[in-house]
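Raw start_23.txt, compact mmCIF, C-alpha atoms and all ligand atoms:
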```txt
# COMPACT_ATOMS: atom_id res chain seq x y z
CA ALA A 1 -63.99 -67.62 14.22
CA ALA A 2 -65.73 -66.33 17.34
CA GLU A 3 -63.59 -65.41 20.34
CA LEU A 4 -63.03 -68.42 22.54
CA THR A 5 -62.81 -68.02 26.27
CA THR A 6 -59.79 -69.89 27.62
CA VAL A 7 -58.03 -70.09 30.96
CA GLU A 8 -55.32 -67.77 29.70
CA ALA A 9 -56.23 -65.40 26.87
CA GLY A 10 -54.74 -66.45 23.53
CA LYS A 11 -53.61 -69.81 24.87
CA LEU A 12 -54.93 -73.36 24.80
CA THR A 13 -53.78 -74.85 28.10
CA MET A 14 -53.46 -78.63 28.00
CA ALA A 15 -53.19 -80.75 31.15
CA THR A 16 -51.42 -84.04 30.57
CA ASN A 17 -49.28 -86.74 32.14
CA ALA A 18 -46.16 -87.24 30.06
CA THR A 19 -45.47 -90.86 31.03
CA PHE A 20 -47.84 -92.41 28.51
CA PRO A 21 -45.87 -93.14 25.31
CA PRO A 22 -46.53 -92.65 22.42
CA TYR A 23 -49.42 -90.33 23.35
CA GLU A 24 -47.29 -88.14 25.62
CA MET A 25 -43.75 -88.73 26.82
CA THR A 26 -40.84 -86.71 28.10
CA THR A 27 -37.75 -86.80 25.88
CA ASP A 28 -34.22 -87.00 27.27
CA ALA A 29 -33.97 -83.30 26.48
CA GLY A 30 -36.95 -82.68 28.77
CA THR A 31 -39.47 -81.74 26.09
CA ILE A 32 -42.91 -83.32 25.93
CA GLU A 33 -44.00 -84.92 22.68
CA GLY A 34 -46.39 -87.52 21.32
CA ILE A 35 -49.65 -88.07 19.46
CA ASP A 36 -51.71 -86.03 21.91
CA VAL A 37 -49.20 -83.15 21.83
CA ASP A 38 -49.13 -82.96 18.01
CA THR A 39 -52.92 -83.28 17.85
CA ALA A 40 -53.40 -80.54 20.45
CA GLN A 41 -50.90 -78.39 18.55
CA ALA A 42 -52.87 -78.85 15.32
CA ILE A 43 -56.13 -78.02 17.12
CA ALA A 44 -54.60 -74.94 18.76
CA GLU A 45 -53.44 -73.70 15.35
CA LYS A 46 -56.95 -74.09 13.92
CA LEU A 47 -58.34 -72.20 16.90
CA GLY A 48 -55.76 -69.42 16.59
CA LEU A 49 -54.39 -70.19 20.07
CA GLU A 50 -50.92 -70.92 21.39
CA LEU A 51 -50.58 -74.37 22.94
CA GLN A 52 -49.32 -74.49 26.51
CA ILE A 53 -48.62 -77.86 28.12
CA ASP A 54 -48.94 -78.47 31.86
CA ASP A 55 -47.50 -81.84 32.95
CA MET A 56 -48.95 -83.43 36.10
CA ASP A 57 -50.22 -86.76 37.42
CA PHE A 58 -53.06 -88.36 35.44
CA ASP A 59 -55.72 -87.88 38.12
CA ALA A 60 -54.66 -84.23 38.49
CA ALA A 61 -55.06 -83.70 34.73
CA LEU A 62 -58.69 -84.83 34.93
CA LEU A 63 -59.31 -82.50 37.88
CA SER A 64 -57.54 -79.60 36.21
CA VAL A 65 -60.23 -79.14 33.55
CA GLN A 66 -63.01 -79.72 36.06
CA GLN A 67 -61.56 -76.93 38.24
CA GLY A 68 -61.09 -74.57 35.30
CA LYS A 69 -57.28 -74.58 35.53
CA ALA A 70 -56.74 -76.09 32.09
CA ASP A 71 -58.77 -75.82 28.88
CA ILE A 72 -58.27 -79.38 27.71
CA ALA A 73 -57.05 -82.60 29.26
CA MET A 74 -55.32 -84.92 26.81
CA ALA A 75 -53.63 -87.98 28.24
CA GLY A 76 -55.02 -90.98 26.37
CA ILE A 77 -58.14 -90.38 28.43
CA THR A 78 -60.82 -93.04 28.18
CA VAL A 79 -64.41 -91.86 27.94
CA THR A 80 -66.41 -93.35 30.81
CA ASP A 81 -69.90 -92.62 32.21
CA GLU A 82 -68.40 -91.56 35.54
CA ARG A 83 -66.10 -89.03 33.88
CA MET A 84 -68.87 -87.79 31.56
CA ALA A 85 -70.81 -86.86 34.70
CA VAL A 86 -68.10 -84.36 35.72
CA MET A 87 -66.53 -83.19 32.46
CA SER A 88 -67.35 -83.01 28.76
CA PHE A 89 -65.58 -85.01 26.07
CA SER A 90 -64.81 -84.30 22.44
CA ASP A 91 -65.50 -86.85 19.74
CA SER A 92 -63.14 -89.79 20.06
CA TYR A 93 -59.78 -89.57 18.24
CA ALA A 94 -58.21 -92.93 19.13
CA THR A 95 -58.87 -96.27 20.81
CA GLY A 96 -57.00 -98.17 23.47
CA ILE A 97 -57.06 -101.64 24.96
CA GLN A 98 -56.08 -102.48 28.52
CA SER A 99 -53.08 -104.81 28.46
CA VAL A 100 -51.33 -106.93 31.06
CA ILE A 101 -47.52 -106.69 31.45
CA VAL A 102 -45.77 -109.51 33.32
CA PRO A 103 -42.15 -110.64 33.73
CA GLU A 104 -40.98 -113.31 31.24
CA GLY A 105 -41.67 -116.70 32.79
CA SER A 106 -44.54 -115.44 34.96
CA ASP A 107 -47.24 -117.98 35.87
CA ILE A 108 -49.80 -115.33 34.87
CA THR A 109 -50.95 -116.26 31.36
CA SER A 110 -54.48 -114.83 31.28
CA VAL A 111 -56.50 -112.02 32.84
CA ASP A 112 -58.14 -114.58 35.17
CA ASP A 113 -54.70 -115.50 36.52
CA LEU A 114 -54.50 -112.02 38.03
CA ALA A 115 -56.77 -113.26 40.83
CA GLY A 116 -54.77 -113.39 44.05
CA LYS A 117 -51.85 -111.41 42.58
CA LYS A 118 -50.55 -107.89 43.25
CA ILE A 119 -51.40 -105.68 40.30
CA GLY A 120 -49.76 -102.33 39.59
CA THR A 121 -51.75 -99.58 37.89
CA GLN A 122 -51.71 -95.82 37.58
CA ARG A 123 -53.83 -93.96 40.09
CA GLY A 124 -57.17 -92.76 38.71
CA THR A 125 -57.06 -94.79 35.50
CA THR A 126 -59.57 -97.20 34.03
CA GLY A 127 -56.97 -99.95 34.55
CA TYR A 128 -57.11 -99.23 38.28
CA LEU A 129 -60.92 -99.21 38.28
CA TYR A 130 -61.30 -102.47 36.33
CA CYS A 131 -58.73 -104.31 38.44
CA SER A 132 -60.14 -103.16 41.75
CA ASP A 133 -63.66 -104.09 40.59
CA ASP A 134 -62.58 -107.51 39.35
CA PHE A 135 -59.87 -108.51 41.85
CA GLY A 136 -60.53 -106.32 44.91
CA GLU A 137 -59.00 -103.03 45.99
CA ASP A 138 -56.42 -104.78 48.20
CA ALA A 139 -54.94 -106.52 45.15
CA VAL A 140 -54.29 -103.28 43.28
CA VAL A 141 -51.44 -100.88 43.93
CA ALA A 142 -51.95 -97.38 42.51
CA TYR A 143 -48.74 -95.67 41.37
CA ASP A 144 -48.27 -92.01 40.43
CA ASN A 145 -47.72 -92.90 36.81
CA GLY A 146 -46.96 -95.65 34.31
CA LEU A 147 -43.22 -95.36 34.71
CA THR A 148 -43.27 -95.96 38.48
CA ALA A 149 -45.71 -98.85 38.03
CA VAL A 150 -43.33 -100.53 35.57
CA GLN A 151 -40.36 -99.89 37.88
CA ALA A 152 -42.29 -101.61 40.69
CA LEU A 153 -42.84 -104.60 38.40
CA ASN A 154 -39.12 -104.71 37.60
CA ASN A 155 -38.37 -104.64 41.34
CA GLY A 156 -40.81 -107.47 42.07
CA GLN A 157 -43.12 -105.28 44.16
CA VAL A 158 -46.09 -106.25 41.97
CA ASP A 159 -46.76 -109.34 39.82
CA ALA A 160 -48.27 -107.54 36.83
CA VAL A 161 -49.05 -104.07 35.50
CA VAL A 162 -52.33 -103.27 33.77
CA ILE A 163 -52.00 -100.32 31.38
CA ASP A 164 -53.19 -99.29 27.92
CA ASN A 165 -51.72 -101.24 24.97
CA GLU A 166 -49.55 -98.58 23.32
CA PRO A 167 -47.70 -97.50 26.49
CA ALA A 168 -47.48 -101.20 27.37
CA LYS A 169 -45.64 -101.85 24.09
CA ALA A 170 -43.29 -98.92 24.66
CA TYR A 171 -42.51 -99.98 28.24
CA VAL A 172 -41.86 -103.59 27.27
CA GLU A 173 -39.54 -102.42 24.48
CA SER A 174 -37.46 -100.40 26.92
CA ASN A 175 -37.52 -103.00 29.73
CA PRO A 176 -36.01 -106.34 28.69
CA GLY A 177 -37.46 -109.20 30.73
CA LEU A 178 -41.02 -107.96 30.54
CA LYS A 179 -43.72 -109.11 28.12
CA ILE A 180 -47.34 -108.35 27.24
CA LEU A 181 -49.95 -111.09 27.54
CA ASP A 182 -51.80 -111.83 24.31
CA THR A 183 -55.09 -111.46 26.06
CA SER A 184 -56.45 -107.91 26.16
CA TYR A 185 -58.69 -106.68 28.89
CA ALA A 186 -61.09 -103.95 27.73
CA GLU A 187 -61.48 -101.75 24.66
CA GLU A 188 -61.84 -98.04 25.15
CA ASP A 189 -62.27 -94.76 23.27
CA TYR A 190 -59.90 -91.85 23.91
CA ALA A 191 -61.19 -88.30 23.81
CA ILE A 192 -60.27 -84.78 24.89
CA GLY A 193 -61.69 -83.74 28.26
CA MET A 194 -63.01 -80.23 28.85
CA ASN A 195 -64.85 -78.21 31.46
CA LYS A 196 -68.60 -78.80 31.18
CA SER A 197 -69.34 -75.08 31.10
CA ASN A 198 -67.17 -74.26 28.05
CA THR A 199 -69.51 -75.50 25.33
CA ALA A 200 -68.05 -73.07 22.77
CA LEU A 201 -64.63 -74.69 23.20
CA LEU A 202 -66.16 -78.17 22.92
CA GLU A 203 -67.77 -77.23 19.60
CA ALA A 204 -64.59 -75.60 18.29
CA VAL A 205 -62.45 -78.58 19.29
CA ASN A 206 -64.85 -81.02 17.64
CA ALA A 207 -64.90 -78.97 14.44
CA ALA A 208 -61.10 -78.86 14.40
CA LEU A 209 -60.86 -82.62 15.07
CA GLU A 210 -63.25 -83.33 12.23
CA GLU A 211 -61.07 -81.35 9.82
CA LEU A 212 -57.91 -83.06 11.06
CA LYS A 213 -59.53 -86.46 10.54
CA ALA A 214 -60.88 -85.55 7.09
CA ASP A 215 -57.63 -84.12 5.71
CA GLY A 216 -55.46 -86.98 6.96
CA THR A 217 -53.51 -84.91 9.51
CA LEU A 218 -54.59 -87.08 12.44
CA GLN A 219 -53.56 -90.26 10.63
CA SER A 220 -50.18 -88.84 9.73
CA ILE A 221 -49.60 -87.88 13.38
CA VAL A 222 -50.47 -91.44 14.45
CA ASP A 223 -48.18 -92.88 11.75
CA LYS A 224 -45.32 -90.69 12.98
CA TYR A 225 -45.44 -92.31 16.43
CA ILE A 226 -46.91 -95.79 15.85
CA LYS A 227 -45.05 -97.87 13.28
CA ALA A 228 -47.37 -100.38 11.62
N1 LIG B 301 -56.85 -94.73 29.22
C1 LIG B 301 -56.65 -94.82 30.63
C2 LIG B 301 -57.62 -93.95 31.37
O1 LIG B 301 -58.17 -93.06 30.83
C3 LIG B 301 -55.24 -94.47 31.07
C4 LIG B 301 -54.78 -93.10 30.65
C5 LIG B 301 -53.43 -92.71 31.21
O2 LIG B 301 -52.89 -93.39 32.08
N2 LIG B 301 -52.85 -91.65 30.74
O3 LIG B 301 -57.87 -94.16 32.53
```
Could the structure of this file be written out as structure tokens, please?
Amino acid sequence: AAELTTVEAGKLTMATNATFPPYEMTTDAGTIEGIDVDTAQAIAEKLGLELQIDDMDFDAALLSVQQGKADIAMAGITVTDERMAVMSFSDSYATGIQSVIVPEGSDITSVDDLAGKKIGTQRGTTGYLYCSDDFGEDAVVAYDNGLTAVQALNNGQVDAVVIDNEPAKAYVESNPGLKILDTSYAEEDYAIGMNKSNTALLEAVNAALEELKADGTLQSIVDKYIKA
């Protein structure tokens, strides 16, 4: 394969936010694992690069590739027109749905019921954008990450949290007293974000992804973390 230019020679530097299970999470031992990590690892191997993970807030991960500090951003990132204006995206490798988490017994039973309530989200996410568009910026509290948003819900500082469906499931599992509303909010495609100028990397990542989809590797990574 042709030499790829990366932020650090020989390495594929991945910006992520490891509070988004099962895509990326921090284990008790302090290591970062998940679907995005294994997928990035498989891509790095195909590209002959060593994967390096940089953990940061979600909005910082998006900026990191734009500023040329990371090669790829992988954090269950939804492809949107606004983001496509400032960064490039690989082909999609997964889908997500915005979900609403509420305490058991909440009077919120539908997305419409969020009107007039305090909604917790993660700063810079599509959940934040949808909720502030639909219910007004004053109704939405932006937390550093999913974990702090869920803690705020547990403490009664917000009435609901809007977050992608898979992390929602994981957070509800580990926080008794919370539940996910049946109603889902918006369907989205996840892709790998890259700097617009590195078209060679974009092509190489897409070629690697295609192989990982075709040979079943991607599906086996998903199956490892999401039990049917
Ligand atoms: N999919 C959502 C987004 O891209 C949330 C991602 C995340 O919080 N890691 O905005």
- Task: Check which residues fall inside 10 Å of ligand LIG 301 (chain B) when counting all atoms listed in the file, and print them as an MDAnalysis selection string.
- Result: chainID A and resid 16:21 23:24 57:59 61:62 74:80 83 95:98 121:130 144:146 162:165 167 187:191
- Identify which of the residues A:Asp38, A:Glu173, A:Asp28, A:Asp91 lies closest to Thr217 of chain A, counting all atoms listed in the file when measuring atom-to-atom distances. A:Asp38
- Message: Just to confirm, what's the straight-line distance from atom CA of Ile43 of chain A to atom CA of Ala208 of chain A in Å (one decimal)?
- Response: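 Distance reported for this atom pair: 5.7 Å.
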- In Å, rounded to a single decimal, give me how far atom CA of Lys46 of chain A is from atom CA of Ser197 of chain A.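 Computed distance, atom CA of Ser197 of chain A to atom CA of Lys46 of chain A, equals 21.2 Å.
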- Query: Smallest atom-to-atom distance to Gln66 of chain A: which of A:Ser88, A:Ser110, A:Gln219, A:Leu47, using all atoms listed in the file?
  - Reply: A:Ser88
So that I can see what lies close to Val7 of chain A, please list as a CSV table (one decimal) with C-alpha atoms, in the coordinates of the input the residues with an atom at most 8 Å from it, counting all atoms listed in the file and leaving out residues fewer than 4 positions away in the same chain.
```csv
chain,number,residue,atom,x,y,z
A,11,LYS,CA,-53.6,-69.8,24.9
A,12,LEU,CA,-54.9,-73.4,24.8
A,13,THR,CA,-53.8,-74.8,28.1
A,68,GLY,CA,-61.1,-74.6,35.3
A,69,LYS,CA,-57.3,-74.6,35.5
A,70,ALA,CA,-56.7,-76.1,32.1
A,71,ASP,CA,-58.8,-75.8,28.9
```
- Item | Spatial neighbours of Val205 of chain A, max dist 7 Å, all atoms listed in the file, sep filter under 4 positions, as number ranges by chain | A: 43, 90, 201, 209
- Message: Between A:Pro103, A:Met84, A:Leu147, A:Ser220, which residue has the minimum interatomic distance to Pro176 of chain A, considering only C-alpha atoms?
- Response: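 Once distances to Pro176 of chain A are computed over only C-alpha atoms, the minimum belongs to A:Pro103.
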- In terms of all atoms listed in the file, the residue from A:Ala15, A:Ile101, A:Ala115, A:Ala149 at minimal distance from Gln67 of chain A is A:Ala15
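Note that the spacing between atom CA of Lys179 of chain A and atom CA of Val158 of chain A amounts to 14.3 Å.
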- Query: For Asn195 of chain A, which of A:Gln52, A:Ser99, A:Ser64, A:Thr26 is the closest residue, counting only C-alpha atoms?
  - Reply: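 Distance minimum relative to Asn195 of chain A lands on A:Ser64.
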- Message: Using all atoms listed in the file, can you tell me which of A:Leu202, A:Gly156, A:Ala228, A:Val150 comes closest to Ser174 of chain A?
- Response: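 Of A:Leu202, A:Gly156, A:Ala228, A:Val150, the one nearest Ser174 of chain A, counting all atoms listed in the file, is A:Val150.
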